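Working notes, beginning with the structure itself.
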Amino acid sequence: MNNMQNNNQYIMPAAIVFSGLIVAGALVYSNVNPKKEAYLPKQGEPAADIQPSNVENIKPVTSSDHVLGNPSAPVKIIEFSDLECPFCKKFHWTMQTIVEEYGKNGQAAWVYRHFPIDSRHPVKARKAAEATECANELGGNEKFWAYIERYFEITPSNNNIDLAQLPQIAEDVGLDKSKFESCLASGKYAKHIEDDYQDGVAVGVEGTPYSILIAPNNQKFVINGALSYATVKQLIDSSLKLK
């Protein structure tokens, strides 16, 4: 009984699991294995495998994070993303819709952290991540998010972006192209990208997108892959009841 109680600190309550968070047979889109099937426990089956215990290793949200929505929102979704991952692009639009709905009432916020997967997107994903930080330096949080949105609009994904387009994206979102190029060439944000990456490793991220929802009572739940708007919405609605 004690072991079960300890496990429950890290897993989704059964009521949430069976309210439709993860649909049986649905696909979980992952940058590592896009055809991996979601795991749904049978009625009464322990759900401990759904949430890894190392989710508690995640760094807390601070003022240095990139947040869309109210940083004090009761629900926070921390996403680890690779800009060259096609499933991250798909999930980005889902999360934009989520923030439009829940952000206006201050109920949920979206936190972005970098997780470039070098084995699939060598050089390009990391340099693109650095580019977003240069956008933030030159234009603040608004331009950080605007840069990512424009990037996802034009990238073919899967390491097919032309890095020569990075300064043009900066210009597209209203940034000084020359200053942006100087920032990007400096490599000053390479360590920041690596720090985000190592945060993901500590949590157990292997593929992207990989998100962790922090509920009002500080319970943490994994959103593994590019799950649908309806599924993420159900998770948020259920989590808002955990106070």
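Letters for chains follow the order of the structure tokens (A, B, ...), residue numbers begin at 1 for each chain, and ligand numbers begin at 1 in the order shown.
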What residues in segment 20-199 of chain A get the DSSP label alpha helix (DSSP H)? Please answer as an mmCIF file with C-alpha atoms, in the first residue's frame.
data_model
loop_
_atom_site.group_PDB
_atom_site.id
_atom_site.type_symbol
_atom_site.label_atom_id
_atom_site.label_comp_id
_atom_site.auth_asym_id
_atom_site.auth_seq_id
_atom_site.Cartn_x
_atom_site.Cartn_y
_atom_site.Cartn_z
ATOM 1 C CA PRO A 86 7.465 18.149 -37.824
ATOM 2 C CA PHE A 87 5.451 16.928 -34.840
ATOM 3 C CA CYS A 88 6.594 19.937 -32.810
ATOM 4 C CA LYS A 89 5.273 22.122 -35.616
ATOM 5 C CA LYS A 90 1.933 20.317 -35.412
ATOM 6 C CA PHE A 91 1.782 20.609 -31.623
ATOM 7 C CA HIS A 92 2.749 24.293 -31.772
ATOM 8 C CA TRP A 93 -0.547 25.183 -33.428
ATOM 9 C CA THR A 94 -2.415 23.048 -30.889
ATOM 10 C CA MET A 95 -0.781 24.910 -28.025
ATOM 11 C CA GLN A 96 -1.504 28.272 -29.601
ATOM 12 C CA THR A 97 -5.194 27.391 -29.589
ATOM 13 C CA ILE A 98 -4.938 26.221 -25.975
ATOM 14 C CA VAL A 99 -3.368 29.507 -24.875
ATOM 15 C CA GLU A 100 -5.958 31.515 -26.806
ATOM 16 C CA GLU A 101 -8.701 29.722 -24.874
ATOM 17 C CA TYR A 102 -7.198 29.345 -21.414
ATOM 18 C CA LYS A 124 20.370 23.166 -37.779
ATOM 19 C CA ALA A 125 18.037 22.583 -34.836
ATOM 20 C CA ARG A 126 20.534 24.032 -32.368
ATOM 21 C CA LYS A 127 21.327 27.062 -34.539
ATOM 22 C CA ALA A 128 17.628 27.700 -35.029
ATOM 23 C CA ALA A 129 17.150 27.515 -31.258
ATOM 24 C CA GLU A 130 19.945 30.066 -30.808
ATOM 25 C CA ALA A 131 18.172 32.268 -33.351
ATOM 26 C CA THR A 132 15.049 32.373 -31.183
ATOM 27 C CA GLU A 133 17.152 33.536 -28.241
ATOM 28 C CA CYS A 134 18.655 36.302 -30.373
ATOM 29 C CA ALA A 135 15.109 37.306 -31.300
ATOM 30 C CA ASN A 136 14.334 37.463 -27.584
ATOM 31 C CA GLU A 137 17.420 39.577 -26.919
ATOM 32 C CA LEU A 138 16.480 42.093 -29.591
ATOM 33 C CA GLY A 139 12.720 42.162 -29.177
ATOM 34 C CA GLY A 140 11.759 40.492 -25.914
ATOM 35 C CA ASN A 141 9.327 37.683 -25.239
ATOM 36 C CA GLU A 142 6.901 38.845 -27.948
ATOM 37 C CA LYS A 143 9.516 38.514 -30.693
ATOM 38 C CA PHE A 144 10.720 35.176 -29.310
ATOM 39 C CA TRP A 145 7.282 33.666 -29.894
ATOM 40 C CA ALA A 146 6.812 35.525 -33.179
ATOM 41 C CA TYR A 147 10.118 34.142 -34.456
ATOM 42 C CA ILE A 148 9.116 30.552 -33.629
ATOM 43 C CA GLU A 149 5.738 31.002 -35.307
ATOM 44 C CA ARG A 150 7.325 32.349 -38.483
ATOM 45 C CA TYR A 151 9.968 29.615 -38.397
ATOM 46 C CA PHE A 152 7.331 26.900 -38.252
ATOM 47 C CA GLU A 153 5.466 28.580 -41.111
ATOM 48 C CA ILE A 154 8.400 28.234 -43.489
ATOM 49 C CA LEU A 166 17.340 32.705 -40.180
ATOM 50 C CA PRO A 167 18.181 36.424 -40.573
ATOM 51 C CA GLN A 168 15.309 36.832 -43.012
ATOM 52 C CA ILE A 169 12.902 35.407 -40.445
ATOM 53 C CA ALA A 170 14.221 37.988 -37.986
ATOM 54 C CA GLU A 171 13.508 40.740 -40.479
ATOM 55 C CA ASP A 172 10.066 39.264 -41.184
ATOM 56 C CA LYS A 177 18.687 42.080 -39.425
ATOM 57 C CA SER A 178 22.250 43.275 -38.907
ATOM 58 C CA LYS A 179 22.070 43.113 -35.115
ATOM 59 C CA PHE A 180 20.438 39.700 -35.349
ATOM 60 C CA GLU A 181 23.220 38.354 -37.573
ATOM 61 C CA SER A 182 25.832 39.643 -35.137
ATOM 62 C CA CYS A 183 24.074 37.980 -32.206
ATOM 63 C CA LEU A 184 23.684 34.667 -34.029
ATOM 64 C CA ALA A 185 27.315 34.621 -35.190
ATOM 65 C CA SER A 186 28.519 35.149 -31.616
ATOM 66 C CA ALA A 190 24.725 27.921 -27.241
ATOM 67 C CA LYS A 191 25.105 27.214 -23.523
ATOM 68 C CA HIS A 192 21.526 28.253 -22.824
ATOM 69 C CA ILE A 193 20.291 25.785 -25.435
ATOM 70 C CA GLU A 194 22.436 23.046 -23.922
ATOM 71 C CA ASP A 195 21.134 23.853 -20.427
ATOM 72 C CA ASP A 196 17.554 23.423 -21.651
ATOM 73 C CA TYR A 197 18.545 20.198 -23.361
ATOM 74 C CA GLN A 198 20.121 18.804 -20.185
ATOM 75 C CA ASP A 199 16.992 19.758 -18.226
#
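Of the residues under consideration (A:Ser63, A:Thr155, A:Asn160, A:Ser239), A:Ser239 shows the shortest atom-to-atom contact distance to Asn218 of chain A when counting only C-alpha atoms.
When only C-alpha atoms are used to compute distances to Lys243 of chain A, the closest of the residues A:Val203, A:Leu68, A:Val111, A:Val75 turns out to be A:Val75.
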Distance in Å - atom CA of Glu56 of chain A versus atom CA of Gly200 of chain A: 11.4 Å
Can you tell me how far atom CA of Glu79 of chain A sits from atom CA of Asn224 of chain A, in Å to one decimal? 9.8 Å
